[in-house]
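Asks: Take a look at run.txt, compact mmCIF, C-alpha atoms and all ligand atoms:
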# COMPACT_ATOMS: atom_id res chain seq x y z
CA MET A 23 21.67 -43.95 -19.23
CA THR A 24 19.39 -42.75 -22.06
CA LYS A 25 20.71 -39.70 -23.86
CA THR A 26 18.09 -37.07 -24.51
CA ALA A 27 17.68 -34.19 -26.91
CA LEU A 28 14.95 -31.63 -26.40
CA VAL A 29 13.62 -29.53 -29.28
CA TYR A 30 11.76 -26.28 -28.70
CA ILE A 31 8.67 -26.20 -30.92
CA GLU A 32 7.69 -22.74 -32.11
CA LEU A 33 4.12 -22.24 -33.29
CA ASN A 34 3.20 -19.60 -35.80
CA ASN A 35 -0.52 -19.16 -36.42
CA SER A 36 -1.02 -22.61 -34.86
CA LYS A 37 1.43 -24.16 -37.35
CA ILE A 38 4.78 -25.65 -36.38
CA GLU A 39 7.68 -23.61 -37.81
CA LYS A 40 9.25 -25.79 -40.50
CA VAL A 41 12.73 -25.48 -38.98
CA CYS A 42 11.45 -27.25 -35.83
CA LYS A 43 10.48 -30.30 -37.92
CA GLU A 44 13.89 -30.15 -39.59
CA ILE A 45 15.58 -30.14 -36.18
CA VAL A 46 13.46 -33.05 -34.90
CA SER A 47 14.40 -35.01 -38.01
CA LYS A 48 18.13 -34.34 -37.54
CA ALA A 49 18.01 -34.94 -33.77
CA ASN A 50 16.64 -38.45 -34.38
CA GLU A 51 19.69 -39.19 -36.53
CA LEU A 52 22.27 -38.03 -33.95
CA ALA A 53 22.56 -41.45 -32.27
CA SER A 54 20.78 -44.79 -32.52
CA ASP A 55 19.80 -44.81 -28.83
CA ILE A 56 18.83 -41.14 -28.52
CA GLU A 57 15.49 -40.11 -27.00
CA VAL A 58 14.16 -37.02 -28.73
CA ASN A 59 11.53 -35.00 -26.88
CA ALA A 60 9.97 -31.62 -27.60
CA VAL A 61 8.54 -28.74 -25.63
CA VAL A 62 5.97 -26.18 -26.72
CA ILE A 63 4.67 -23.09 -24.91
CA ALA A 64 1.27 -21.77 -25.94
CA ASP A 65 -2.23 -20.87 -24.87
CA LYS A 66 -5.05 -23.42 -24.86
CA THR A 67 -6.64 -22.32 -28.16
CA THR A 68 -3.35 -22.45 -30.05
CA ILE A 69 -2.59 -25.91 -28.67
CA ARG A 70 -6.05 -27.12 -29.64
CA ASN A 71 -5.69 -25.71 -33.18
CA SER A 72 -2.24 -27.22 -33.68
CA GLN A 73 -2.97 -30.58 -32.03
CA GLN A 74 -3.02 -32.54 -35.31
CA ASP A 75 0.25 -31.05 -36.46
CA LEU A 76 1.86 -31.68 -33.06
CA ALA A 77 0.70 -35.31 -33.04
CA LEU A 78 2.77 -35.94 -36.18
CA LEU A 79 6.05 -34.93 -34.53
CA ASN A 80 8.56 -37.76 -34.45
CA VAL A 81 9.38 -37.36 -30.74
CA LYS A 82 8.86 -39.59 -27.72
CA LYS A 83 7.28 -37.03 -25.43
CA LEU A 84 5.83 -33.65 -26.22
CA PHE A 85 5.79 -31.41 -23.16
CA ILE A 86 3.00 -28.86 -23.48
CA ILE A 87 3.39 -25.85 -21.24
CA GLU A 88 -0.07 -24.40 -21.58
CA ASP A 89 -1.65 -21.30 -20.14
CA ASN A 90 -3.70 -18.47 -21.55
CA ILE A 91 -0.99 -16.05 -20.46
CA PHE A 92 0.99 -17.40 -23.48
CA ASP A 93 -1.51 -16.12 -26.05
CA SER A 94 1.19 -13.87 -27.47
CA TYR A 95 4.95 -14.43 -27.58
CA GLN A 96 6.70 -12.55 -24.78
CA CYS A 97 10.42 -13.14 -24.64
CA CYS A 98 11.02 -12.58 -20.90
CA LEU A 99 8.06 -14.73 -19.88
CA PHE A 100 8.87 -17.54 -22.34
CA SER A 101 12.58 -17.64 -21.42
CA SER A 102 11.77 -17.73 -17.73
CA VAL A 103 9.26 -20.59 -18.12
CA LEU A 104 11.52 -22.46 -20.53
CA SER A 105 14.62 -22.19 -18.34
CA ALA A 106 12.65 -23.44 -15.31
CA PHE A 107 11.45 -26.42 -17.39
CA ILE A 108 14.97 -27.24 -18.59
CA ASN A 109 16.40 -26.94 -15.10
CA LYS A 110 13.91 -29.57 -13.98
CA ASN A 111 14.16 -31.93 -16.98
CA LYS A 112 17.87 -31.66 -17.69
CA PRO A 113 18.14 -32.83 -21.31
CA ASP A 114 21.66 -33.51 -22.61
CA ILE A 115 21.06 -31.42 -25.71
CA PHE A 116 18.65 -28.54 -26.26
CA LEU A 117 17.89 -27.28 -29.78
CA MET A 118 15.89 -24.34 -31.07
CA GLY A 119 15.24 -22.86 -34.52
CA ALA A 120 17.16 -19.70 -35.38
CA THR A 121 13.92 -17.95 -36.29
CA GLU A 122 13.27 -14.32 -35.45
CA ASN A 123 11.82 -15.32 -32.07
CA GLY A 124 14.39 -18.08 -31.56
CA ARG A 125 17.29 -15.65 -32.00
CA GLU A 126 15.83 -13.57 -29.18
CA LEU A 127 14.60 -16.36 -26.92
CA ALA A 128 17.72 -18.57 -27.05
CA PRO A 129 20.30 -16.14 -25.58
CA ARG A 130 17.95 -15.10 -22.78
CA THR A 131 17.24 -18.73 -21.95
CA ALA A 132 20.96 -19.59 -22.03
CA SER A 133 21.68 -16.63 -19.77
CA ALA A 134 18.95 -17.66 -17.31
CA LEU A 135 20.44 -21.17 -17.21
CA ASN A 136 23.99 -19.84 -17.09
CA ILE A 137 25.00 -22.10 -19.99
CA GLY A 138 26.68 -21.55 -23.35
CA LEU A 139 24.84 -21.19 -26.64
CA THR A 140 26.12 -21.96 -30.14
CA ALA A 141 23.93 -19.83 -32.35
CA ASP A 142 22.90 -20.20 -35.98
CA CYS A 143 24.38 -23.64 -36.62
CA THR A 144 24.37 -25.21 -40.07
CA ASP A 145 25.25 -28.73 -38.90
CA ILE A 146 25.25 -30.80 -35.73
CA SER A 147 26.53 -34.22 -34.67
CA VAL A 148 27.61 -35.88 -31.43
CA ASP A 149 30.89 -37.45 -30.33
CA GLU A 150 31.30 -40.73 -28.43
CA SER A 151 30.72 -38.90 -25.09
CA PHE A 152 27.48 -37.44 -26.47
CA ASN A 153 28.87 -33.93 -26.62
CA LEU A 154 27.11 -31.83 -29.23
CA LEU A 155 29.44 -30.85 -32.08
CA ALA A 156 27.80 -27.68 -33.33
CA THR A 157 29.09 -26.30 -36.62
CA ARG A 158 28.61 -22.71 -37.74
CA PRO A 159 30.33 -20.18 -39.98
CA THR A 160 32.96 -18.03 -38.34
CA TYR A 161 35.52 -15.29 -39.19
CA GLY A 162 32.95 -13.48 -41.33
CA GLY A 163 31.96 -16.73 -42.98
CA LYS A 164 35.47 -17.57 -44.19
CA MET A 165 35.69 -20.72 -42.07
CA MET A 166 33.40 -23.23 -40.45
CA ALA A 167 33.93 -23.78 -36.72
CA THR A 168 32.79 -26.83 -34.79
CA ILE A 169 32.10 -25.82 -31.21
CA ILE A 170 31.83 -28.12 -28.20
CA SER A 171 30.22 -26.45 -25.22
CA GLU A 172 31.42 -27.27 -21.72
CA THR A 173 28.02 -26.64 -20.15
CA ARG A 174 24.92 -28.86 -20.13
CA PRO A 175 22.54 -29.02 -21.75
CA ASN A 176 24.58 -28.38 -24.90
CA PHE A 177 22.45 -25.64 -26.42
CA ALA A 178 22.33 -24.61 -30.08
CA THR A 179 20.07 -22.74 -32.46
CA ILE A 180 19.75 -24.12 -35.99
CA ARG A 181 19.41 -22.20 -39.24
CA PRO A 182 16.16 -22.79 -41.13
CA GLY A 183 16.77 -25.03 -44.14
CA ALA A 184 19.99 -26.54 -42.77
CA PHE A 185 18.45 -30.03 -42.57
CA LYS A 186 15.95 -32.02 -44.58
CA ILE A 187 12.86 -33.52 -43.00
CA GLU A 188 13.89 -37.16 -43.51
CA ASN A 189 12.07 -39.41 -41.08
CA THR A 190 8.44 -39.58 -41.95
CA LEU A 191 7.74 -42.25 -39.31
CA VAL A 192 5.20 -40.89 -36.87
CA ASN A 193 6.04 -41.60 -33.30
CA ASN A 194 2.66 -40.63 -31.80
CA PRO A 195 4.26 -38.64 -29.02
CA GLU A 196 2.99 -38.87 -25.50
CA PHE A 197 1.47 -35.48 -24.69
CA VAL A 198 2.59 -34.34 -21.24
CA TYR A 199 0.70 -31.27 -20.06
CA ILE A 200 2.50 -29.00 -17.65
CA GLN A 201 0.92 -26.29 -15.55
CA PRO A 202 3.54 -23.55 -15.49
CA GLU A 203 4.38 -21.37 -12.55
CA THR A 204 3.35 -18.00 -13.95
CA ALA A 205 2.56 -16.17 -10.71
CA GLY A 206 4.73 -13.12 -10.29
CA HIS A 207 5.52 -12.83 -13.99
CA GLU A 208 5.04 -9.28 -15.06
CA LEU A 209 4.05 -8.90 -18.71
CA LEU A 210 6.25 -6.18 -20.10
CA LEU A 211 4.39 -5.98 -23.40
CA GLU A 212 0.75 -5.53 -24.15
CA VAL A 213 -0.13 -6.88 -27.59
CA LEU A 214 -2.85 -4.61 -28.95
CA LYS A 215 -3.36 -6.12 -32.38
CA CYS A 216 -1.93 -8.95 -34.45
CA GLU A 217 -1.86 -8.75 -38.23
CA THR A 218 -1.32 -12.04 -40.00
CA LYS A 219 1.25 -11.77 -42.74
CA GLN A 220 0.10 -13.25 -46.02
CA GLN A 221 1.66 -16.69 -46.19
CA GLU A 222 3.89 -16.71 -49.23
CA GLU A 223 4.79 -19.92 -50.96
CA ASP A 224 8.06 -21.23 -49.56
CA TRP A 225 10.22 -21.04 -52.70
CA THR A 226 13.22 -22.54 -50.93
CA CYS A 227 11.61 -26.02 -51.18
CA SER A 228 10.91 -25.78 -54.94
CA ASP A 229 11.93 -28.74 -57.08
CA VAL A 230 13.96 -26.62 -59.47
CA ILE A 231 15.85 -23.46 -58.57
CA ILE A 232 17.78 -21.43 -61.13
CA ALA A 233 20.35 -19.11 -59.63
CA GLY A 234 22.44 -16.42 -61.24
CA GLY A 235 25.70 -14.77 -60.29
CA LEU A 236 28.12 -12.21 -61.65
CA GLY A 237 29.08 -14.48 -64.54
CA LEU A 238 25.78 -13.47 -66.17
CA LYS A 239 27.46 -10.05 -66.66
CA THR A 240 24.35 -7.81 -66.79
CA LYS A 241 21.05 -7.25 -65.01
CA GLU A 242 19.26 -7.82 -68.33
CA ASN A 243 20.84 -11.25 -68.63
CA PHE A 244 20.00 -12.02 -65.00
CA GLU A 245 16.35 -11.12 -65.59
CA LYS A 246 16.10 -13.82 -68.24
CA ILE A 247 16.18 -16.25 -65.32
CA TYR A 248 12.64 -15.09 -64.50
CA THR A 249 11.55 -15.89 -68.06
CA LEU A 250 13.01 -19.39 -67.88
CA CYS A 251 11.51 -19.96 -64.43
CA SER A 252 8.02 -19.06 -65.64
CA LEU A 253 8.42 -21.42 -68.60
CA ILE A 254 9.44 -24.43 -66.54
CA ASN A 255 7.78 -23.62 -63.20
CA ALA A 256 11.10 -23.13 -61.41
CA LYS A 257 12.09 -20.48 -58.87
CA PRO A 258 14.79 -17.84 -59.32
CA ALA A 259 17.67 -17.29 -56.90
CA ALA A 260 20.84 -15.21 -56.76
CA SER A 261 24.31 -15.02 -55.31
CA ARG A 262 24.98 -12.23 -52.85
CA ALA A 263 27.15 -10.46 -55.40
CA ALA A 264 24.20 -10.33 -57.81
CA VAL A 265 21.97 -9.00 -55.02
CA GLU A 266 24.52 -6.36 -54.08
CA LEU A 267 24.59 -5.13 -57.68
CA GLY A 268 20.81 -4.72 -57.55
CA TRP A 269 20.16 -7.46 -60.10
CA ALA A 270 17.93 -9.36 -57.67
CA PRO A 271 16.08 -8.72 -54.39
CA SER A 272 17.74 -9.95 -51.19
CA GLU A 273 14.78 -12.29 -50.52
CA ILE A 274 16.07 -14.65 -53.19
CA GLN A 275 19.71 -14.66 -52.09
CA VAL A 276 21.07 -18.12 -51.41
CA GLY A 277 23.84 -18.78 -48.92
CA GLN A 278 25.09 -18.08 -45.48
CA THR A 279 23.47 -14.67 -45.16
CA GLY A 280 20.56 -15.60 -47.42
CA ASN A 281 18.42 -18.71 -47.68
CA SER A 282 19.20 -22.39 -47.48
CA VAL A 283 17.47 -24.29 -50.25
CA SER A 284 16.71 -27.97 -50.86
CA PRO A 285 15.63 -28.42 -54.49
CA LYS A 286 15.89 -31.58 -56.58
CA LEU A 287 17.84 -29.52 -59.10
CA TYR A 288 19.91 -26.37 -58.54
CA ILE A 289 21.23 -24.69 -61.67
CA ALA A 290 23.98 -22.16 -60.91
CA LEU A 291 24.63 -19.77 -63.80
CA GLY A 292 27.90 -17.83 -63.51
CA ILE A 293 28.30 -18.43 -59.77
CA SER A 294 31.82 -19.10 -58.46
CA GLY A 295 30.76 -21.29 -55.54
CA ALA A 296 32.27 -19.35 -52.65
CA MET A 297 31.89 -21.20 -49.36
CA GLN A 298 29.28 -18.70 -48.19
CA HIS A 299 27.14 -19.57 -51.22
CA MET A 300 27.68 -23.33 -51.01
CA THR A 301 26.49 -23.33 -47.36
CA GLY A 302 23.00 -22.61 -48.71
CA ILE A 303 22.87 -25.51 -51.18
CA THR A 304 24.18 -28.45 -49.18
CA ASN A 305 20.72 -30.03 -49.33
CA ALA A 306 20.29 -29.73 -53.11
CA ASP A 307 19.93 -33.19 -54.68
CA LYS A 308 21.66 -32.30 -57.95
CA ILE A 309 23.74 -29.25 -58.86
CA VAL A 310 24.39 -28.15 -62.42
CA ALA A 311 26.98 -25.37 -62.78
CA VAL A 312 27.65 -23.25 -65.83
CA ASN A 313 30.93 -21.37 -65.66
CA THR A 314 33.67 -20.32 -68.06
CA ASP A 315 36.31 -21.20 -65.46
CA ARG A 316 36.62 -24.94 -64.95
CA GLN A 317 38.64 -24.23 -61.77
CA ALA A 318 35.74 -22.36 -60.13
CA PRO A 319 34.90 -24.14 -56.83
CA ILE A 320 31.29 -24.78 -57.87
CA MET A 321 32.45 -26.84 -60.87
CA SER A 322 34.01 -29.58 -58.73
CA ALA A 323 31.08 -29.46 -56.28
CA SER A 324 28.46 -29.97 -59.00
CA ASP A 325 26.98 -33.13 -60.50
CA ILE A 326 27.18 -31.66 -64.00
CA ALA A 327 29.71 -28.93 -64.81
CA ILE A 328 29.23 -27.08 -68.08
CA GLU A 329 32.20 -24.98 -69.18
CA SER A 330 30.43 -22.31 -71.15
CA ASP A 331 29.06 -18.78 -71.19
CA ALA A 332 26.21 -18.58 -68.66
CA ALA A 333 24.12 -16.02 -70.57
CA ALA A 334 24.33 -18.10 -73.76
CA VAL A 335 23.30 -21.29 -71.93
CA LEU A 336 20.43 -19.42 -70.26
CA GLN A 337 19.22 -18.11 -73.62
CA SER A 338 19.46 -21.57 -75.12
CA MET A 339 17.49 -23.09 -72.22
CA ILE A 340 14.72 -20.54 -72.78
CA GLU A 341 14.59 -21.43 -76.44
CA HIS A 342 14.57 -25.17 -75.83
CA SER A 343 12.43 -25.36 -72.71
CA GLY A 344 9.58 -27.57 -73.80
CA SER A 345 8.78 -28.81 -70.34
CA LYS A 346 10.23 -29.05 -66.89
CA GLN A 347 10.57 -32.82 -67.38
CA ALA A 348 13.16 -32.15 -70.06
CA LEU A 349 15.38 -30.68 -67.37
CA LEU A 350 14.80 -33.26 -64.64
C1 LIG A 401 30.15 -12.84 -44.21
C2 LIG A 401 29.87 -13.14 -45.63
C3 LIG A 401 28.66 -13.67 -45.95
C4 LIG A 401 28.35 -13.97 -47.29
N1 LIG A 401 27.15 -14.52 -47.59
C5 LIG A 401 26.89 -14.87 -48.86
C6 LIG A 401 25.66 -15.50 -49.21
O1 LIG A 401 24.76 -15.69 -48.38
N2 LIG A 401 25.46 -15.85 -50.50
C7 LIG A 401 26.41 -15.65 -51.47
O2 LIG A 401 26.15 -16.01 -52.64
N3 LIG A 401 27.55 -15.04 -51.17
C8 LIG A 401 27.81 -14.63 -49.90
N4 LIG A 401 28.97 -13.99 -49.62
C9 LIG A 401 29.82 -13.55 -50.75
C10 LIG A 401 30.68 -14.67 -51.32
O3 LIG A 401 31.90 -14.75 -50.61
C11 LIG A 401 30.98 -14.39 -52.81
O4 LIG A 401 31.59 -13.14 -52.90
C12 LIG A 401 29.76 -14.41 -53.70
O5 LIG A 401 29.04 -15.60 -53.51
C13 LIG A 401 30.21 -14.32 -55.15
O6 LIG A 401 29.12 -14.24 -56.01
P1 LIG A 401 29.27 -14.73 -57.52
O7 LIG A 401 29.65 -16.16 -57.52
O8 LIG A 401 28.02 -14.33 -58.21
O9 LIG A 401 30.42 -13.79 -58.09
P2 LIG A 401 31.94 -14.09 -58.39
O10 LIG A 401 32.65 -14.64 -57.20
O11 LIG A 401 32.49 -12.84 -58.99
O12 LIG A 401 31.91 -15.25 -59.46
C14 LIG A 401 31.47 -15.10 -60.75
C15 LIG A 401 31.74 -16.41 -61.46
O13 LIG A 401 31.28 -16.31 -62.79
C16 LIG A 401 32.23 -16.91 -63.64
N5 LIG A 401 32.09 -16.30 -64.96
C17 LIG A 401 32.64 -15.17 -65.45
N6 LIG A 401 32.22 -14.93 -66.68
C18 LIG A 401 31.37 -15.92 -67.00
C19 LIG A 401 30.59 -16.21 -68.13
N7 LIG A 401 30.57 -15.43 -69.20
N8 LIG A 401 29.80 -17.31 -68.09
C20 LIG A 401 29.81 -18.16 -67.02
N9 LIG A 401 30.53 -17.91 -65.93
C21 LIG A 401 31.29 -16.81 -65.90
C22 LIG A 401 33.55 -16.67 -63.01
O14 LIG A 401 34.49 -17.65 -63.45
C23 LIG A 401 33.21 -16.81 -61.54
O15 LIG A 401 33.38 -18.16 -61.11
C24 LIG A 401 29.31 -13.70 -48.30
C25 LIG A 401 30.54 -13.16 -47.94
C26 LIG A 401 30.82 -12.88 -46.65
C27 LIG A 401 32.16 -12.31 -46.29
Show me, as structure tokens, the structure contained in the file I just sent.
Replies:
Amino acid sequence: MTKTALVYIELNNSKIEKVCKEIVSKANELASDIEVNAVVIADKTTIRNSQQDLALLNVKKLFIIEDNIFDSYQCCLFSSVLSAFINKNKPDIFLMGATENGRELAPRTASALNIGLTADCTDISVDESFNLLATRPTYGGKMMATIISETRPNFATIRPGAFKIENTLVNNPEFVYIQPETAGHELLLEVLKCETKQQEEDWTCSDVIIAGGLGLKTKENFEKIYTLCSLINAKPAASRAAVELGWAPSEIQVGQTGNSVSPKLYIALGISGAMQHMTGITNADKIVAVNTDRQAPIMSASDIAIESDAAAVLQSMIEHSGSKQALL
């Protein structure tokens, strides 16, 4: 029998949340004979505005649960409609992005279906019986646990940035429109006004990211990362320890409780490479580490390990940075 994975597609201002594309990409790699489908819940205008984007999804079928009642996200309504859909369609695996909405919607949906949920996963695979092996940090991030749920569908939410969007093949999904049963649903929220947040450039996908940690010793040294970044059009990032000392804002923290990044080049200056940091850079193509301790975990995990003083190397890079190409 065909094994199926279903991905929940979240729309934000008529655009597909990037993590949903990442999940679709990974789901297609889970098994050679897997059928990946997707489901979206939205009002007619949003569906019309996002049609082009949706048509590029690499899934077999896209189930569109469409009604004007869905013009704003309402957790109780969405989880009720979604759980009814899943009950009927019975996918083997159900995946959702661990976005703000996803973190709220997933547990309610799991509860409505009376199934387990492995939340905030950083990796997934399947075993020979097509059980989902869902990996996530545990014990305060000190270990990674791989969890196999005993209930079906195997349900997991996935951290944004955990996977790359690999398969560019367009599958031209079959659009299957579904008229939901919305009668009797009481809307608990009335949305009075929506303000669109200014879309900031997604720095986590930059080609070059330069990150600093405690080995830079001072805030002044850390701030030189900004100078280098502006010279070579790179983006700055920080370890949590650097953020906690107030050297950098939390928005640029990389790691388990920060961001996952996928640059072509990640330069780690004075970062030890604790597991919680490394979780955020598994998708970096090349890692260059500068550390005075050759035993630091990041040194063995990097493509180029430079045993040296991080602040001195940073200063030297600023002085020698002719162009970004020189670094790549
Ligand atoms: C639940 C939980 C979640 C966490 N989440 C995150 C997270 O998202 N991101 C994250 O980064 N951390 C996270 N941490 C913290 C993580 O465990 C580490 O404590 C943190 O990453 C260490 O930051 P660091 O490498 O900058 O500092 P340190 O561990 O202090 O390392 C500094 C490094 O600099 C080197 N060094 C010293 N002097 C020099 C010099 N002159 N030149 C070059 N190198 C030098 C040292 O050899 C050392 O390797 C988390 C921890 C927990 C418990």
Asks: Name the residues in contact with Ala53 of chain A at a cut-off of 9 Å, using all atoms listed in the file, excluding same-chain residues fewer than 3 positions from it; report them as a ChimeraX atom specification.
Replies: /A:25,49-50,56-57,147-148,152
Asks: Could you tell me which of A:Ile289, A:Ser102, A:Thr218, A:Thr68 comes closest to Ile247 of chain A if we count all atoms listed in the file?
Replies: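 Of all the options, A:Ile289 lies closest to Ile247 of chain A.
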Asks: Centre and edge lengths of an axis-aligned box around all listed atoms of segment 274-287 of chain A, with 5 Å added on each side, are to be given in Å to one decimal, as JSON.
Replies:
{"center_x": 20.4, "center_y": -23.1, "center_z": -52.1, "size_x": 19.5, "size_y": 26.9, "size_z": 23.9}
Asks: Show me, as a VMD selection string, the residues that have an atom within 12 Å of Asp307 of chain A when counting all atoms listed in the file, minus same-chain residues fewer than 2 positions from it.
Replies: chain A and resid 186 227 to 231 283 to 289 303 to 305 309 to 310 323 to 326 350
Asks: Report as JSON, numbers by chain which protein, DNA and RNA residues come within 7 Å of ligand LIG 401 (chain A), using all atoms listed in the file.
Replies: {"A": [162, 163, 164, 234, 235, 236, 237, 238, 239, 260, 261, 262, 263, 264, 275, 276, 277, 278, 279, 280, 291, 292, 293, 294, 295, 296, 297, 298, 299, 312, 313, 314, 315, 318, 330, 331, 332, 333]}
Asks: Keeping C-alpha atoms, export the residues of the selection given above as a PDB file, keeping the file's coordinate frame.
Replies:
ATOM      1  CA  GLY A 162      32.950 -13.480 -41.330  1.00  0.00           C
ATOM      2  CA  GLY A 163      31.960 -16.730 -42.980  1.00  0.00           C
ATOM      3  CA  LYS A 164      35.470 -17.570 -44.190  1.00  0.00           C
ATOM      4  CA  GLY A 234      22.440 -16.420 -61.240  1.00  0.00           C
ATOM      5  CA  GLY A 235      25.700 -14.770 -60.290  1.00  0.00           C
ATOM      6  CA  LEU A 236      28.120 -12.210 -61.650  1.00  0.00           C
ATOM      7  CA  GLY A 237      29.080 -14.480 -64.540  1.00  0.00           C
ATOM      8  CA  LEU A 238      25.780 -13.470 -66.170  1.00  0.00           C
ATOM      9  CA  LYS A 239      27.460 -10.050 -66.660  1.00  0.00           C
ATOM     10  CA  ALA A 260      20.840 -15.210 -56.760  1.00  0.00           C
ATOM     11  CA  SER A 261      24.310 -15.020 -55.310  1.00  0.00           C
ATOM     12  CA  ARG A 262      24.980 -12.230 -52.850  1.00  0.00           C
ATOM     13  CA  ALA A 263      27.150 -10.460 -55.400  1.00  0.00           C
ATOM     14  CA  ALA A 264      24.200 -10.330 -57.810  1.00  0.00           C
ATOM     15  CA  GLN A 275      19.710 -14.660 -52.090  1.00  0.00           C
ATOM     16  CA  VAL A 276      21.070 -18.120 -51.410  1.00  0.00           C
ATOM     17  CA  GLY A 277      23.840 -18.780 -48.920  1.00  0.00           C
ATOM     18  CA  GLN A 278      25.090 -18.080 -45.480  1.00  0.00           C
ATOM     19  CA  THR A 279      23.470 -14.670 -45.160  1.00  0.00           C
ATOM     20  CA  GLY A 280      20.560 -15.600 -47.420  1.00  0.00           C
ATOM     21  CA  LEU A 291      24.630 -19.770 -63.800  1.00  0.00           C
ATOM     22  CA  GLY A 292      27.900 -17.830 -63.510  1.00  0.00           C
ATOM     23  CA  ILE A 293      28.300 -18.430 -59.770  1.00  0.00           C
ATOM     24  CA  SER A 294      31.820 -19.100 -58.460  1.00  0.00           C
ATOM     25  CA  GLY A 295      30.760 -21.290 -55.540  1.00  0.00           C
ATOM     26  CA  ALA A 296      32.270 -19.350 -52.650  1.00  0.00           C
ATOM     27  CA  MET A 297      31.890 -21.200 -49.360  1.00  0.00           C
ATOM     28  CA  GLN A 298      29.280 -18.700 -48.190  1.00  0.00           C
ATOM     29  CA  HIS A 299      27.140 -19.570 -51.220  1.00  0.00           C
ATOM     30  CA  VAL A 312      27.650 -23.250 -65.830  1.00  0.00           C
ATOM     31  CA  ASN A 313      30.930 -21.370 -65.660  1.00  0.00           C
ATOM     32  CA  THR A 314      33.670 -20.320 -68.060  1.00  0.00           C
ATOM     33  CA  ASP A 315      36.310 -21.200 -65.460  1.00  0.00           C
ATOM     34  CA  ALA A 318      35.740 -22.360 -60.130  1.00  0.00           C
ATOM     35  CA  SER A 330      30.430 -22.310 -71.150  1.00  0.00           C
ATOM     36  CA  ASP A 331      29.060 -18.780 -71.190  1.00  0.00           C
ATOM     37  CA  ALA A 332      26.210 -18.580 -68.660  1.00  0.00           C
ATOM     38  CA  ALA A 333      24.120 -16.020 -70.570  1.00  0.00           C
TER      39      ALA A 333
END
Asks: Between A:Cys97, A:Thr226, A:Ala141, A:Ala327, which has the minimum distance to Glu126 of chain A (counting all atoms listed in the file)?
Replies: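 Checking each of A:Cys97, A:Thr226, A:Ala141, A:Ala327 against Glu126 of chain A, counting all atoms listed in the file, the winner is A:Cys97.
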Asks: In the coordinate frame of the file, compute which residues have an atom within 9 Å of (19.7, -20.8, -37.9) when using all atoms listed in the file, and state them as a ChimeraX atom specification.
Replies: /A:41,118-121,124-125,141-144,179-184
